[in-house]
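Asks: Following this message is one structure expressed as structure tokens.
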Amino acid sequence: MKKLLEGYQRFRVHRWHAQKALYRELDKGQAPPACVISCCDSRVDPAAIFDAEPGDLFIVRNVANLIPPYAPSTGLHGTSTAIEFAVLGLKVETMLVLGHARCGGVAAAMTGAPAGSVFLEGWVQLLDEAKARAGRDQGALELESIKVSLNRLLTFPFVAEAVAAGRLKLAGARFSIFDGKLEVLDASGRFVAA
């Protein structure tokens with residue numbers, strides 16, 4: 001906690017002070033043009049990767065940047081709720097599924113969840129469809145998982161409707177932490193350098 005509070009003090013003195021007008025404007029509400037669904041890996045920060053200012057991105061983070069199946073129920077659905085809010089509430093124009101190289105969640109899908117895990121095993125089973133196409137190649141599985149998540153987004157009726165009406169564009173990309181490169185999914189289904 002000490003390190004977090006020290007960081008807050010630096011933020012308050014430097015960044016907040018320099019962007020005081022922006023933060024006061026953002027206090028009136030948010031209207032980000034893009035939603036980024038990213039892994040919660042501490043090394044993958046969408047705001048830093050895309051050099052975004054506060055208010056630019058609505059960010060949803062979970063293990064391995066996965067989209068669960070559309071399954072309305074009385075259960076708790078954090079990722080699905082955030083997707084719904086982004087599309088229906090914020091009316092984002094772009095929804096990007098951002099994977100990354102050397103993803104621990106993808107590795108867990110290949111090798112199994114750590115002993116004692118309660119939730120992770122079931123979560124990474126969302127990658128079974130991608131594993132069937134990618135085999136035992138983790139890099140290929142990282143790319144296939146992005147494609148599977150994009151397809152799952154289209155099972156959400158409000159997403160499919162917004163895409164069909166031209167109000168929402170879906171995109172996929174993978175960031176390589178170690179060389180800083182970004183690959184973007186093109187119309188042909190291939191990942192190409194950005």
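All residue names refer to the structure tokens as shown: chains lettered A, B, ... in order, residues numbered from 1 in each chain, ligands numbered from 1 in order.
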Can you list, as a list of chain:residue names, every protein, DNA or RNA residue that comes within 12 Å of Thr111 (chain A) when you count only C-alpha atoms, leaving out same-chain residues fewer than 2 positions away?
Replies: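 The contact residues come out as A:Gly104, A:Gly105, A:Val106, A:Ala107, A:Ala108, A:Ala109, A:Ala113, A:Pro114, A:Ala115, A:Glu121, A:Val124, A:Gln125, A:Lys131, A:Arg136, A:Asp137, A:Gln138.
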Asks: Tell me which protein, DNA and RNA residues are within 10 Å of region 150-163 of chain A, counting only C-alpha atoms, leaving out same-chain ones fewer than 4 positions away, and put them as a PyMOL selection string.
Replies: chain A and resi 66-72+80+83-84+86-88+91-97+144-146+167-172
Asks: Can you write out the residues you just picked, keeping C-alpha atoms, as an mmCIF file, in the first residue's frame?
Replies:
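Written out: out-v1.cif:
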data_model
loop_
_atom_site.group_PDB
_atom_site.id
_atom_site.type_symbol
_atom_site.label_atom_id
_atom_site.label_comp_id
_atom_site.auth_asym_id
_atom_site.auth_seq_id
_atom_site.Cartn_x
_atom_site.Cartn_y
_atom_site.Cartn_z
ATOM 1 C CA LEU A 66 -11.555 -13.625 -23.031
ATOM 2 C CA ILE A 67 -15.150 -13.027 -24.014
ATOM 3 C CA PRO A 68 -17.498 -15.491 -22.354
ATOM 4 C CA PRO A 69 -20.492 -16.869 -24.259
ATOM 5 C CA TYR A 70 -23.626 -14.738 -24.254
ATOM 6 C CA ALA A 71 -25.554 -16.317 -21.397
ATOM 7 C CA PRO A 72 -28.131 -14.095 -19.694
ATOM 8 C CA SER A 80 -20.503 -9.304 -20.195
ATOM 9 C CA ILE A 83 -19.502 -5.065 -22.820
ATOM 10 C CA GLU A 84 -23.182 -4.237 -22.497
ATOM 11 C CA ALA A 86 -19.825 -0.005 -23.429
ATOM 12 C CA VAL A 87 -22.187 -0.686 -26.338
ATOM 13 C CA LEU A 88 -25.570 0.387 -24.967
ATOM 14 C CA LYS A 91 -22.076 3.811 -27.434
ATOM 15 C CA VAL A 92 -18.400 3.157 -28.174
ATOM 16 C CA GLU A 93 -17.511 3.113 -31.865
ATOM 17 C CA THR A 94 -14.757 0.491 -31.682
ATOM 18 C CA MET A 95 -14.367 -2.621 -29.549
ATOM 19 C CA LEU A 96 -10.842 -4.056 -29.585
ATOM 20 C CA VAL A 97 -9.882 -7.449 -28.173
ATOM 21 C CA GLU A 144 -6.765 -17.858 -32.210
ATOM 22 C CA SER A 145 -8.120 -16.818 -28.821
ATOM 23 C CA ILE A 146 -8.571 -13.266 -30.119
ATOM 24 C CA ARG A 167 -22.398 1.940 -35.265
ATOM 25 C CA LEU A 168 -19.713 -0.416 -33.943
ATOM 26 C CA LYS A 169 -16.536 -1.909 -35.402
ATOM 27 C CA LEU A 170 -14.849 -4.950 -33.907
ATOM 28 C CA ALA A 171 -11.080 -5.329 -34.020
ATOM 29 C CA GLY A 172 -8.398 -7.676 -32.750
#
Asks: Looking at only C-alpha atoms, which of A:Leu185, A:Cys39, A:Leu127, A:Ala47 is the one that sits closest to Thr79 (chain A)?
Replies: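 Of all the options, A:Cys39 lies closest to Thr79 (chain A).
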Asks: Using only C-alpha atoms, which of A:Phe50, A:Phe11, A:Phe58, A:Trp16 sits nearest Ala31 (chain A)?
Replies: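 Result for the nearest residue to Ala31 (chain A): A:Phe58.
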Asks: Please, what distance in Å, to one decimal, runs between CA of Ala193 (chain A) and CA of Ala82 (chain A)?
Replies: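 Distance between the two atoms: 28.5 Å.
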Asks: With only C-alpha atoms as the basis for distance, which of A:His100, A:Arg15, A:Arg133, A:Arg24 is at the shortest distance from Ser42 (chain A)?
Replies: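 Once distances to Ser42 (chain A) are computed over only C-alpha atoms, the minimum belongs to A:His100.
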Asks: Env of Phe175 (chain A): 7 Å cut, atoms = only C-alpha atoms, seq-sep filter 2 positions within chain, self excluded. Answer as a ChimeraX atom specification.
Replies: /A:99-101,173,177,180-183
Asks: Tell me which of A:Lys20, A:Arg61, A:Arg10, A:Lys28 sits closest to Val44 (chain A), counting only C-alpha atoms.
Replies: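 That would be A:Arg61, the residue with the smallest distance to Val44 (chain A).
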Asks: Can you pull out every residue within 10 Å of Tyr23 (chain A), counting only C-alpha atoms, but drop anything in the same chain fewer than 6 positions away, and send it as a list in words?
Replies: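 Answer for this query is Trp16, His17, Pro54 and Gly55 of chain A.
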Asks: Among chain A, which ones does DSSP place in strand (DSSP E), written as a ChimeraX atom specification?
Replies: /A:34-39,57-62,94-100,169-175,182-185,191-193
Asks: By how many Å are CA of Asn62 (chain A) and CA of Thr81 (chain A) apart?
Replies: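 Straight-line distance from CA of Asn62 (chain A) to CA of Thr81 (chain A) works out to 12.7 Å.
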Asks: For Leu98 (chain A), find every residue with an atom within 7 Å (counting only C-alpha atoms), except residues of its own chain fewer than 4 positions away, and show them as a PDB file with N, CA and C atoms, in the first residue's frame.
Replies:
ATOM      1  N   VAL A  36     -11.535  -1.351 -24.985  1.00  0.00           N
ATOM      2  CA  VAL A  36     -10.461  -2.325 -25.160  1.00  0.00           C
ATOM      3  C   VAL A  36     -10.672  -3.437 -24.136  1.00  0.00           C
ATOM      4  N   ILE A  37     -10.786  -4.661 -24.637  1.00  0.00           N
ATOM      5  CA  ILE A  37     -10.906  -5.825 -23.772  1.00  0.00           C
ATOM      6  C   ILE A  37      -9.531  -6.466 -23.752  1.00  0.00           C
ATOM      7  N   SER A  38      -8.881  -6.377 -22.608  1.00  0.00           N
ATOM      8  CA  SER A  38      -7.468  -6.722 -22.495  1.00  0.00           C
ATOM      9  C   SER A  38      -7.250  -7.720 -21.372  1.00  0.00           C
ATOM     10  N   ASN A  65      -7.869 -11.978 -21.679  1.00  0.00           N
ATOM     11  CA  ASN A  65      -8.714 -11.131 -22.542  1.00  0.00           C
ATOM     12  C   ASN A  65      -9.822 -11.929 -23.236  1.00  0.00           C
ATOM     13  N   GLY A 172      -9.247  -6.819 -33.562  1.00  0.00           N
ATOM     14  CA  GLY A 172      -8.398  -7.676 -32.750  1.00  0.00           C
ATOM     15  C   GLY A 172      -6.948  -7.297 -32.933  1.00  0.00           C
ATOM     16  N   ALA A 173      -6.171  -7.459 -31.883  1.00  0.00           N
ATOM     17  CA  ALA A 173      -4.740  -7.159 -31.956  1.00  0.00           C
ATOM     18  C   ALA A 173      -4.009  -7.948 -30.876  1.00  0.00           C
ATOM     19  N   ARG A 174      -2.705  -8.143 -31.100  1.00  0.00           N
ATOM     20  CA  ARG A 174      -1.846  -8.763 -30.081  1.00  0.00           C
ATOM     21  C   ARG A 174      -0.608  -7.903 -29.909  1.00  0.00           C
TER      22      ARG A 174
END
Asks: DSSP on the backbone: which residues in region 29-119 of chain A end up as helix (DSSP H, G or I)? Give the answer as a list of chain:residue names.
Replies: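 Restricting region 29-119 of chain A to helix (DSSP H, G or I) produces A:Pro46, A:Ala47, A:Ala48, A:Ile49, A:Val63, A:Ala64, A:Asn65, A:Gly78, A:Thr79, A:Ser80, A:Thr81, A:Ala82, A:Ile83, A:Glu84, A:Phe85, A:Ala86, A:Val87, A:Leu88, A:Gly89, A:Gly104, A:Gly105, A:Val106, A:Ala107, A:Ala108, A:Ala109, A:Met110, A:Thr111.
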Asks: Please save N, CA and C atoms of the selected residues as a PDB file, in the first residue's frame.
Replies:
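Result went into again.pdb, see below:
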ATOM      1  N   PRO A  46      -3.329  -1.054 -21.642  1.00  0.00           N
ATOM      2  CA  PRO A  46      -3.840  -0.463 -22.887  1.00  0.00           C
ATOM      3  C   PRO A  46      -3.666   1.051 -22.972  1.00  0.00           C
ATOM      4  N   ALA A  47      -3.833   1.751 -21.871  1.00  0.00           N
ATOM      5  CA  ALA A  47      -3.676   3.210 -21.911  1.00  0.00           C
ATOM      6  C   ALA A  47      -2.255   3.598 -22.293  1.00  0.00           C
ATOM      7  N   ALA A  48      -1.275   2.860 -21.796  1.00  0.00           N
ATOM      8  CA  ALA A  48       0.120   3.149 -22.142  1.00  0.00           C
ATOM      9  C   ALA A  48       0.418   2.737 -23.578  1.00  0.00           C
ATOM     10  N   ILE A  49      -0.046   1.545 -23.980  1.00  0.00           N
ATOM     11  CA  ILE A  49       0.228   1.032 -25.328  1.00  0.00           C
ATOM     12  C   ILE A  49      -0.304   1.974 -26.396  1.00  0.00           C
ATOM     13  N   VAL A  63      -8.486 -12.314 -17.163  1.00  0.00           N
ATOM     14  CA  VAL A  63      -7.424 -13.258 -17.493  1.00  0.00           C
ATOM     15  C   VAL A  63      -7.565 -13.684 -18.951  1.00  0.00           C
ATOM     16  N   ALA A  64      -6.533 -13.472 -19.731  1.00  0.00           N
ATOM     17  CA  ALA A  64      -6.426 -13.884 -21.135  1.00  0.00           C
ATOM     18  C   ALA A  64      -7.376 -13.149 -22.081  1.00  0.00           C
ATOM     19  N   ASN A  65      -7.869 -11.978 -21.679  1.00  0.00           N
ATOM     20  CA  ASN A  65      -8.714 -11.131 -22.542  1.00  0.00           C
ATOM     21  C   ASN A  65      -9.822 -11.929 -23.236  1.00  0.00           C
ATOM     22  N   GLY A  78     -19.184 -10.123 -14.978  1.00  0.00           N
ATOM     23  CA  GLY A  78     -18.436  -8.870 -15.034  1.00  0.00           C
ATOM     24  C   GLY A  78     -18.066  -8.434 -16.440  1.00  0.00           C
ATOM     25  N   THR A  79     -17.496  -9.334 -17.227  1.00  0.00           N
ATOM     26  CA  THR A  79     -17.074  -8.973 -18.578  1.00  0.00           C
ATOM     27  C   THR A  79     -18.280  -8.676 -19.453  1.00  0.00           C
ATOM     28  N   SER A  80     -19.298  -9.513 -19.382  1.00  0.00           N
ATOM     29  CA  SER A  80     -20.503  -9.304 -20.195  1.00  0.00           C
ATOM     30  C   SER A  80     -21.194  -7.998 -19.833  1.00  0.00           C
ATOM     31  N   THR A  81     -21.229  -7.682 -18.552  1.00  0.00           N
ATOM     32  CA  THR A  81     -21.844  -6.428 -18.108  1.00  0.00           C
ATOM     33  C   THR A  81     -21.079  -5.230 -18.654  1.00  0.00           C
ATOM     34  N   ALA A  82     -19.761  -5.295 -18.624  1.00  0.00           N
ATOM     35  CA  ALA A  82     -18.949  -4.190 -19.143  1.00  0.00           C
ATOM     36  C   ALA A  82     -19.144  -4.020 -20.645  1.00  0.00           C
ATOM     37  N   ILE A  83     -19.253  -5.129 -21.377  1.00  0.00           N
ATOM     38  CA  ILE A  83     -19.502  -5.065 -22.820  1.00  0.00           C
ATOM     39  C   ILE A  83     -20.846  -4.401 -23.077  1.00  0.00           C
ATOM     40  N   GLU A  84     -21.841  -4.819 -22.345  1.00  0.00           N
ATOM     41  CA  GLU A  84     -23.182  -4.237 -22.497  1.00  0.00           C
ATOM     42  C   GLU A  84     -23.166  -2.730 -22.222  1.00  0.00           C
ATOM     43  N   PHE A  85     -22.486  -2.340 -21.143  1.00  0.00           N
ATOM     44  CA  PHE A  85     -22.420  -0.921 -20.794  1.00  0.00           C
ATOM     45  C   PHE A  85     -21.682  -0.126 -21.867  1.00  0.00           C
ATOM     46  N   ALA A  86     -20.597  -0.700 -22.393  1.00  0.00           N
ATOM     47  CA  ALA A  86     -19.825  -0.005 -23.429  1.00  0.00           C
ATOM     48  C   ALA A  86     -20.659   0.234 -24.678  1.00  0.00           C
ATOM     49  N   VAL A  87     -21.420  -0.784 -25.090  1.00  0.00           N
ATOM     50  CA  VAL A  87     -22.187  -0.686 -26.338  1.00  0.00           C
ATOM     51  C   VAL A  87     -23.477   0.100 -26.151  1.00  0.00           C
ATOM     52  N   LEU A  88     -24.258  -0.246 -25.138  1.00  0.00           N
ATOM     53  CA  LEU A  88     -25.570   0.387 -24.967  1.00  0.00           C
ATOM     54  C   LEU A  88     -25.513   1.698 -24.201  1.00  0.00           C
ATOM     55  N   GLY A  89     -24.639   1.780 -23.206  1.00  0.00           N
ATOM     56  CA  GLY A  89     -24.573   2.991 -22.396  1.00  0.00           C
ATOM     57  C   GLY A  89     -23.646   4.046 -22.968  1.00  0.00           C
ATOM     58  N   GLY A 104      -0.013 -15.608 -19.558  1.00  0.00           N
ATOM     59  CA  GLY A 104      -0.096 -16.641 -18.537  1.00  0.00           C
ATOM     60  C   GLY A 104      -1.424 -17.378 -18.548  1.00  0.00           C
ATOM     61  N   GLY A 105      -2.511 -16.676 -18.876  1.00  0.00           N
ATOM     62  CA  GLY A 105      -3.813 -17.325 -18.960  1.00  0.00           C
ATOM     63  C   GLY A 105      -3.871 -18.322 -20.100  1.00  0.00           C
ATOM     64  N   VAL A 106      -3.292 -17.959 -21.229  1.00  0.00           N
ATOM     65  CA  VAL A 106      -3.223 -18.872 -22.370  1.00  0.00           C
ATOM     66  C   VAL A 106      -2.334 -20.065 -22.020  1.00  0.00           C
ATOM     67  N   ALA A 107      -1.230 -19.812 -21.323  1.00  0.00           N
ATOM     68  CA  ALA A 107      -0.356 -20.907 -20.890  1.00  0.00           C
ATOM     69  C   ALA A 107      -1.108 -21.852 -19.962  1.00  0.00           C
ATOM     70  N   ALA A 108      -1.941 -21.308 -19.067  1.00  0.00           N
ATOM     71  CA  ALA A 108      -2.731 -22.146 -18.161  1.00  0.00           C
ATOM     72  C   ALA A 108      -3.730 -23.004 -18.927  1.00  0.00           C
ATOM     73  N   ALA A 109      -4.238 -22.491 -20.040  1.00  0.00           N
ATOM     74  CA  ALA A 109      -5.152 -23.283 -20.869  1.00  0.00           C
ATOM     75  C   ALA A 109      -4.427 -24.464 -21.490  1.00  0.00           C
ATOM     76  N   MET A 110      -3.131 -24.310 -21.720  1.00  0.00           N
ATOM     77  CA  MET A 110      -2.344 -25.379 -22.336  1.00  0.00           C
ATOM     78  C   MET A 110      -1.812 -26.381 -21.308  1.00  0.00           C
ATOM     79  N   THR A 111      -1.413 -25.885 -20.149  1.00  0.00           N
ATOM     80  CA  THR A 111      -0.745 -26.746 -19.174  1.00  0.00           C
ATOM     81  C   THR A 111      -1.588 -27.065 -17.953  1.00  0.00           C
TER      82      THR A 111
END
